[in-house]
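Undergrad: Mind looking over this structure? Questions follow.
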Amino acid sequence: MCSPEEEALLRLEEVFSATLARVNSLVLLPLLETTPEPSDPQGRECLRLLQRLHRSSQRLWEVTEESLHSLRERLCHQDTVGLESLLLLQHAERVLQVHVEYIESYTSCVAVQAFQKAAKKRREFWRGQRKALWQLLPGVSSEASVGTALAQALREPLAHHVQQYVLLLLSLGDMAAEPHRTRELVVHAATLFGNLQSFLRQALDQALATQALWHSLSSRLRDVLCTPACRLLQDSQDVPVTVAPLRAERVLLFDDALVLLQGHSVHTFDLKLVWVDPGQDGCTFHLLTPEEELSFCSKAPQDRMVWQWKVTQAVCQALRGKKDFPVLGADLEPSEPPTCRCMAYTFRAEGRLCQATYEGEWCRGRPHGRGTLKWPDGRNHVGNFCQGLEHGFGIRLVPQGPEDRFDCYKCHWREGRMCGYGICEYGTDEVYKGYFQAGLRHGFGVLASAPQAPQPCKYTGHWERGQRSGYGVEEDGARGERYIGMWQADQRHGPGVMVTQAGVCYQGTFQADKMVGPGILLSEDDSLYEGTFTRDLTLVGKAARCGRLPRGEPLAGCLWPLPGLRQCWLPWGRAGGPAGLPRAELEGAAQVPGVPVLREALSNSLHPLGKLLRTLMLTFQATYAGIGANKHLQALAQEEVKQHARELWAAYRGLLQVALQRKGQAPEEDEDTETRDLQVHGLVLPLMLPSFYSELFTLYLLLHETEDSLYSQGIANLSLFPDTKLLEFLDVQKHLWPLKDLTLTTNQRLSLVRDKCFLSATECLQKIITTVDPREKLEVLERTYGEIEATVSRVLGREHKLPMDDLLPLLIYVVSRARIQHLGAEIHLIRDMMDPIHTGGLCDFLLTALESCYEHIQKEDMRLHRFAGRWDSREPW
């Protein structure tokens, strides 16, 4: 048996459905019959709002009919259909949402007086409908205006209906069994519609307050501020408040914006980009916006609390993008708006951001986090921001000229300006890769023009405040020359070297980009001139000194010492780190526990030591590769590599001291010169030499080209000898030949002799070119010596130590059979770069013996001809 409450609910739904149908036919449809369509914007807006209200009314009637159907099913099938099947209980949120949509549509019409405006346009029609309209509103005075009657006709049935919903649902809740699921549904529905009552009252109050506000404003201000969805939440005329620094005459808080009226000026602040900052005293609080910081002050603390609370809740509502339900500030979500937000904003105030649009993350009124900044002139910046400024990695495009060309900056930023490493690709097709400071090139960097440019040019070196300053290398492709030396204020200034493609090397002093004073010029054929030269390296007047360098010797003493040249950009820690590396990054990398990780540090491009090594390598390549591959620079280059090794070891020691200090350990004692040299040659040089080896070895090849050519010819001549004839020619003692005890046929001897005759020593020596480490090259030489002695010992049947007189011819034999190209360059590189610890030892002795072999082979040409006269090539072995 159905309860009286269910029957009352059925009658309530039937009456409400019929009332909605009557209101629709008597009120809404006539309101929409406005012909022709209004031409003014306000008229079209009113028509749009009434059409929206009509659609909401239709959905409200449809859901009421569905509710009626579920009630009738319940009454007809009480035994099989439970109370929980009612639409009002089973889908309470859906029913509630339809009611909320109707309320929002209705209050939007109220806020802009849409009913009064529509009734005024069809005054004669509504005069004839007056009697039928008043039948819908028995409690309304007959003297009320038509607009007021229309508004009440569309509100009162809903308000009464919701009130009765709540009463009946509460009665149903008392009737339902305590633990039953039905009671939970009933209580939930009663709570929702109780909240709907509060929401309806608040929404109506806000709409009426907003309607009254439009009447109090001038038509100009009303046109600027009035929108149907806008609701007034607070007015400073009701709760007084003053705002600094704008000194607003009136403050209006809407549900989407804060508006300050100051004479004829209107200042509007989007609530999504407003942050509330409580003040230090009880009468003041602050609002942070992208371009303003506003102070709200009230004489009474309670007035300040009202404003602060209202603004805070309005910001929360604006960020959620929907009106609060059930009432403003009473929802279950946190009442404090998030500090970090993601929004778009266009700056208006004068300054570097004027008219720029920022879209991305914000924090307390400032761009903070990832974002995009775009200017009207086409500039845009994508990257990280901190407290309103570009900070961290970012990419900026700057348009250049009308040809759709851009400068592209891909680099690190600090406090709005480029700082740290970056890559800049310019619209002129130039590319800069290097460091910045305060937005200018500063530190180590490489600026190169496009290869196809009319005058290709490349600069590698130090920059200071946007200008070339300190040590740098410039390659002028158009002139075919390279300048290596000092710069000041973007001009060559100080000691420098000019190298040309023709092999000419000039060393002198430059001032304001001009050669000054005497200089030294070396030609490709080792001719030397000292005097005053022009920019085209033409001698002015008579040479002060002429001469030639001894063949095969590097230029010694003519070029200035290396340390004075490199100190301008190599100091570690004097300017924060290598090429301006921040001190914080150095300390962050100072987790070096000991020597074994030095290799990893140098091979890691993100480690400060790895960055330093890469910087040195790039400069070395720019100095000595291509046009700079001049044999006269070999001495400077090999000394530079040693200096780099010393600098790297000093840098490593500095990091190690920082690491020990962080761990609370005592710093290591200072090294003496001997210990430092051992570490540099034994540890650092082998690790870093591969980075410089290609350019360095090329210089050795050029310097010793003549001697290596003679050596190659000697090797070619010696290769014509069979093994036994070559051993005889070299005056190797026959009892040392590895053929003594072999009794073989001729054919077998031909095969086995070539396999047995010091082959192991020959193959061992050939490995000297497979490594770049001088220490490993010396080890190869030592093993080669061991293989020669081992072979001789097998021939003699006892252990035998070779004296120098016996070793040298055997070693010449092995060298001739190994056929190592550019042996002179290899020997001199080993000699220059080897660890001083080997001086005077076995390795030094063997290297001296190898040098003797090299020189002996160069001079064998004449003796070979005399020996060849005594040797008939047809003679059997």
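By convention in this document, the chains of the structure tokens carry letters A, B, ... by their order, each chain's residues are numbered from 1, and ligands are numbered from 1 in the order they are shown.
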If you count only C-alpha atoms, which residues fall within 9 Å of Phe533 of chain A, apart from same-chain ones fewer than 4 positions away, as a ChimeraX atom specification?
TA: /A:515-521,537-541
Undergrad: Residues at most 8 Å from Phe510 of chain A, counting only C-alpha atoms, excluding those fewer than 2 positions away in the same chain, as a ChimeraX atom specification?
TA: /A:492-496,508,512-516
Undergrad: Go ahead and save the residues from that selection, with N, CA and C atoms, as a compact mmCIF listing (two decimals), in the first residue's frame.
TA:
```txt
# COMPACT_ATOMS: atom_id res chain seq x y z
N ARG A 492 91.64 43.13 -33.20
CA ARG A 492 92.90 42.46 -32.90
C ARG A 492 93.79 43.43 -32.14
N HIS A 493 94.21 43.00 -30.98
CA HIS A 493 94.96 43.92 -30.13
C HIS A 493 95.87 43.11 -29.22
N GLY A 494 97.18 43.25 -29.40
CA GLY A 494 98.12 42.50 -28.61
C GLY A 494 98.91 41.54 -29.48
N PRO A 495 99.65 40.62 -28.87
CA PRO A 495 100.44 39.66 -29.65
C PRO A 495 99.55 38.72 -30.44
N GLY A 496 99.98 38.41 -31.66
CA GLY A 496 99.18 37.52 -32.49
C GLY A 496 99.99 36.87 -33.58
N GLY A 508 103.60 38.87 -34.68
CA GLY A 508 103.89 40.25 -34.33
C GLY A 508 102.87 40.80 -33.36
N ALA A 512 94.51 48.00 -32.34
CA ALA A 512 93.31 48.51 -33.02
C ALA A 512 93.17 47.91 -34.41
N ASP A 513 93.38 46.60 -34.49
CA ASP A 513 93.20 45.83 -35.72
C ASP A 513 94.29 46.06 -36.76
N LYS A 514 95.39 46.73 -36.40
CA LYS A 514 96.47 46.99 -37.35
C LYS A 514 97.78 46.43 -36.81
N MET A 515 98.65 46.00 -37.75
CA MET A 515 99.98 45.54 -37.38
C MET A 515 100.82 46.75 -36.95
N VAL A 516 101.50 46.62 -35.84
CA VAL A 516 102.37 47.70 -35.38
C VAL A 516 103.73 47.13 -35.02
```
Undergrad: Mind giving me the straight-line distance from atom CA of Gly797 of chain A to atom CA of Cys757 of chain A in Å, one decimal?
TA: 15.9 Å
Undergrad: Env of Ser719 of chain A: 12 Å cut, atoms = only C-alpha atoms, seq-sep filter 2 positions within chain, self excluded. Answer as an MDAnalysis selection string.
TA: chainID A and resid 712:717 721:723 725:727 813:819 857 864
Undergrad: So which one's closest to Pro456 of chain A, A:Ala478, A:Ala151, A:Ala635, A:Val63? Using only C-alpha atoms, please.
TA: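 Of the candidates, the smallest distance to Pro456 of chain A is held by A:Ala478.
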Undergrad: Quick one: everything within 10 Å of segment 219-236 of chain A, counting only C-alpha atoms, minus sequence neighbours fewer than 3 positions away in the same chain. Send it as a count of residues only.
TA: 56
Undergrad: Tell me, as a list in words, which residues lie within 10 Å of Gln90 of chain A, counting only C-alpha atoms; anything in the same chain fewer than 3 positions away does not count.
TA: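 Here the qualifying residues turn out to be Leu83, Glu84, Ser85, Leu86, Leu87, Glu93, Arg94, Val95, Thr182, Leu185, Val186 and Ala189 of chain A.
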Undergrad: Could you list, as a ChimeraX atom specification, every residue within 10 Å of segment 463-469 of chain A, counting only C-alpha atoms and ignoring same-chain residues fewer than 6 positions away?
TA: /A:434-446,486-493,568-569,579
Undergrad: Using only N, CA and C atoms, please write the residues we just selected to a file, as a PDB file, in the first residue's frame.
TA:
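New file out_8.pdb:
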```
ATOM      1  N   GLY A 434      77.958  29.211 -27.609  1.00  0.00           N
ATOM      2  CA  GLY A 434      78.847  29.610 -26.535  1.00  0.00           C
ATOM      3  C   GLY A 434      78.082  30.139 -25.339  1.00  0.00           C
ATOM      4  N   TYR A 435      78.775  30.930 -24.541  1.00  0.00           N
ATOM      5  CA  TYR A 435      78.234  31.381 -23.265  1.00  0.00           C
ATOM      6  C   TYR A 435      77.779  32.836 -23.342  1.00  0.00           C
ATOM      7  N   PHE A 436      76.790  33.140 -22.474  1.00  0.00           N
ATOM      8  CA  PHE A 436      76.238  34.477 -22.354  1.00  0.00           C
ATOM      9  C   PHE A 436      76.289  34.919 -20.897  1.00  0.00           C
ATOM     10  N   GLN A 437      76.245  36.226 -20.727  1.00  0.00           N
ATOM     11  CA  GLN A 437      76.086  36.796 -19.394  1.00  0.00           C
ATOM     12  C   GLN A 437      75.355  38.121 -19.552  1.00  0.00           C
ATOM     13  N   ALA A 438      74.263  38.284 -18.780  1.00  0.00           N
ATOM     14  CA  ALA A 438      73.453  39.506 -18.846  1.00  0.00           C
ATOM     15  C   ALA A 438      72.994  39.812 -20.268  1.00  0.00           C
ATOM     16  N   GLY A 439      72.667  38.760 -21.035  1.00  0.00           N
ATOM     17  CA  GLY A 439      72.137  38.931 -22.379  1.00  0.00           C
ATOM     18  C   GLY A 439      73.164  39.145 -23.463  1.00  0.00           C
ATOM     19  N   LEU A 440      74.452  39.198 -23.104  1.00  0.00           N
ATOM     20  CA  LEU A 440      75.506  39.431 -24.083  1.00  0.00           C
ATOM     21  C   LEU A 440      76.453  38.235 -24.146  1.00  0.00           C
ATOM     22  N   ARG A 441      77.109  38.061 -25.292  1.00  0.00           N
ATOM     23  CA  ARG A 441      78.113  37.006 -25.396  1.00  0.00           C
ATOM     24  C   ARG A 441      79.225  37.295 -24.391  1.00  0.00           C
ATOM     25  N   HIS A 442      79.498  36.303 -23.587  1.00  0.00           N
ATOM     26  CA  HIS A 442      80.493  36.513 -22.527  1.00  0.00           C
ATOM     27  C   HIS A 442      81.056  35.155 -22.134  1.00  0.00           C
ATOM     28  N   GLY A 443      82.378  35.022 -22.249  1.00  0.00           N
ATOM     29  CA  GLY A 443      83.003  33.733 -22.009  1.00  0.00           C
ATOM     30  C   GLY A 443      83.394  33.103 -23.331  1.00  0.00           C
ATOM     31  N   PHE A 444      83.548  31.797 -23.323  1.00  0.00           N
ATOM     32  CA  PHE A 444      83.967  31.102 -24.535  1.00  0.00           C
ATOM     33  C   PHE A 444      82.791  30.944 -25.495  1.00  0.00           C
ATOM     34  N   GLY A 445      83.071  31.157 -26.783  1.00  0.00           N
ATOM     35  CA  GLY A 445      82.021  30.990 -27.776  1.00  0.00           C
ATOM     36  C   GLY A 445      82.579  30.909 -29.182  1.00  0.00           C
ATOM     37  N   VAL A 446      81.760  30.348 -30.084  1.00  0.00           N
ATOM     38  CA  VAL A 446      82.141  30.192 -31.498  1.00  0.00           C
ATOM     39  C   VAL A 446      81.072  30.864 -32.344  1.00  0.00           C
ATOM     40  N   MET A 486      95.404  37.808 -29.481  1.00  0.00           N
ATOM     41  CA  MET A 486      94.635  38.560 -28.509  1.00  0.00           C
ATOM     42  C   MET A 486      93.708  39.562 -29.196  1.00  0.00           C
ATOM     43  N   TRP A 487      92.585  39.833 -28.492  1.00  0.00           N
ATOM     44  CA  TRP A 487      91.567  40.762 -28.999  1.00  0.00           C
ATOM     45  C   TRP A 487      91.203  41.743 -27.890  1.00  0.00           C
ATOM     46  N   GLN A 488      90.696  42.894 -28.317  1.00  0.00           N
ATOM     47  CA  GLN A 488      90.170  43.865 -27.362  1.00  0.00           C
ATOM     48  C   GLN A 488      89.124  44.708 -28.077  1.00  0.00           C
ATOM     49  N   ALA A 489      87.934  44.799 -27.466  1.00  0.00           N
ATOM     50  CA  ALA A 489      86.847  45.616 -28.021  1.00  0.00           C
ATOM     51  C   ALA A 489      86.567  45.266 -29.479  1.00  0.00           C
ATOM     52  N   ASP A 490      86.519  43.964 -29.779  1.00  0.00           N
ATOM     53  CA  ASP A 490      86.168  43.460 -31.113  1.00  0.00           C
ATOM     54  C   ASP A 490      87.265  43.713 -32.154  1.00  0.00           C
ATOM     55  N   GLN A 491      88.488  44.045 -31.713  1.00  0.00           N
ATOM     56  CA  GLN A 491      89.582  44.273 -32.649  1.00  0.00           C
ATOM     57  C   GLN A 491      90.810  43.476 -32.228  1.00  0.00           C
ATOM     58  N   ARG A 492      91.640  43.126 -33.195  1.00  0.00           N
ATOM     59  CA  ARG A 492      92.903  42.455 -32.904  1.00  0.00           C
ATOM     60  C   ARG A 492      93.787  43.426 -32.136  1.00  0.00           C
ATOM     61  N   HIS A 493      94.206  43.001 -30.979  1.00  0.00           N
ATOM     62  CA  HIS A 493      94.959  43.918 -30.132  1.00  0.00           C
ATOM     63  C   HIS A 493      95.868  43.106 -29.217  1.00  0.00           C
ATOM     64  N   CYS A 568      93.767  34.307 -20.146  1.00  0.00           N
ATOM     65  CA  CYS A 568      92.590  35.167 -20.218  1.00  0.00           C
ATOM     66  C   CYS A 568      91.292  34.381 -20.184  1.00  0.00           C
ATOM     67  N   TRP A 569      91.333  33.092 -20.543  1.00  0.00           N
ATOM     68  CA  TRP A 569      90.065  32.356 -20.557  1.00  0.00           C
ATOM     69  C   TRP A 569      90.141  30.997 -19.912  1.00  0.00           C
ATOM     70  N   ALA A 579      84.949  29.190 -18.681  1.00  0.00           N
ATOM     71  CA  ALA A 579      84.070  29.912 -19.592  1.00  0.00           C
ATOM     72  C   ALA A 579      82.838  30.419 -18.883  1.00  0.00           C
TER      73      ALA A 579
END
```
Undergrad: Find the residues around Glu674 of chain A up to 12 Å (only C-alpha atoms counted), leave out those fewer than 5 positions away in its own chain, and share them as a PyMOL selection string.
TA: chain A and resi 679-682+835-837
Undergrad: Expressed in Å to a single decimal, how great is the separation between atom CA of Lys410 of chain A and atom CA of Glu425 of chain A?
TA: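 According to the coordinates, atom CA of Lys410 of chain A and atom CA of Glu425 of chain A are separated by 8.3 Å.
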Undergrad: Please identify the strand (DSSP E) residues within segment 416-531 of chain A (assignment by DSSP from backbone atoms) and present them as a VMD selection string.
TA: chain A and resid 417 to 425 431 to 437 440 to 448 457 to 464 467 to 476 481 to 488 491 to 500 505 to 511 514 to 522 527 to 531
Undergrad: Just to confirm, what's the straight-line distance from atom CA of Leu730 of chain A to atom CA of Ser709 of chain A in Å (one decimal)?
TA: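 We find that atom CA of Leu730 of chain A and atom CA of Ser709 of chain A lie 21.0 Å from each other.
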Undergrad: Taking the chain letters and numbering used in this document, name the residues of segment 626-793 of chain A that DSSP puts in alpha helix (DSSP H), as number ranges by chain.
TA: A: 634-662, 673-679, 685-703, 705-718, 723-729, 746-756, 759-766, 774-793
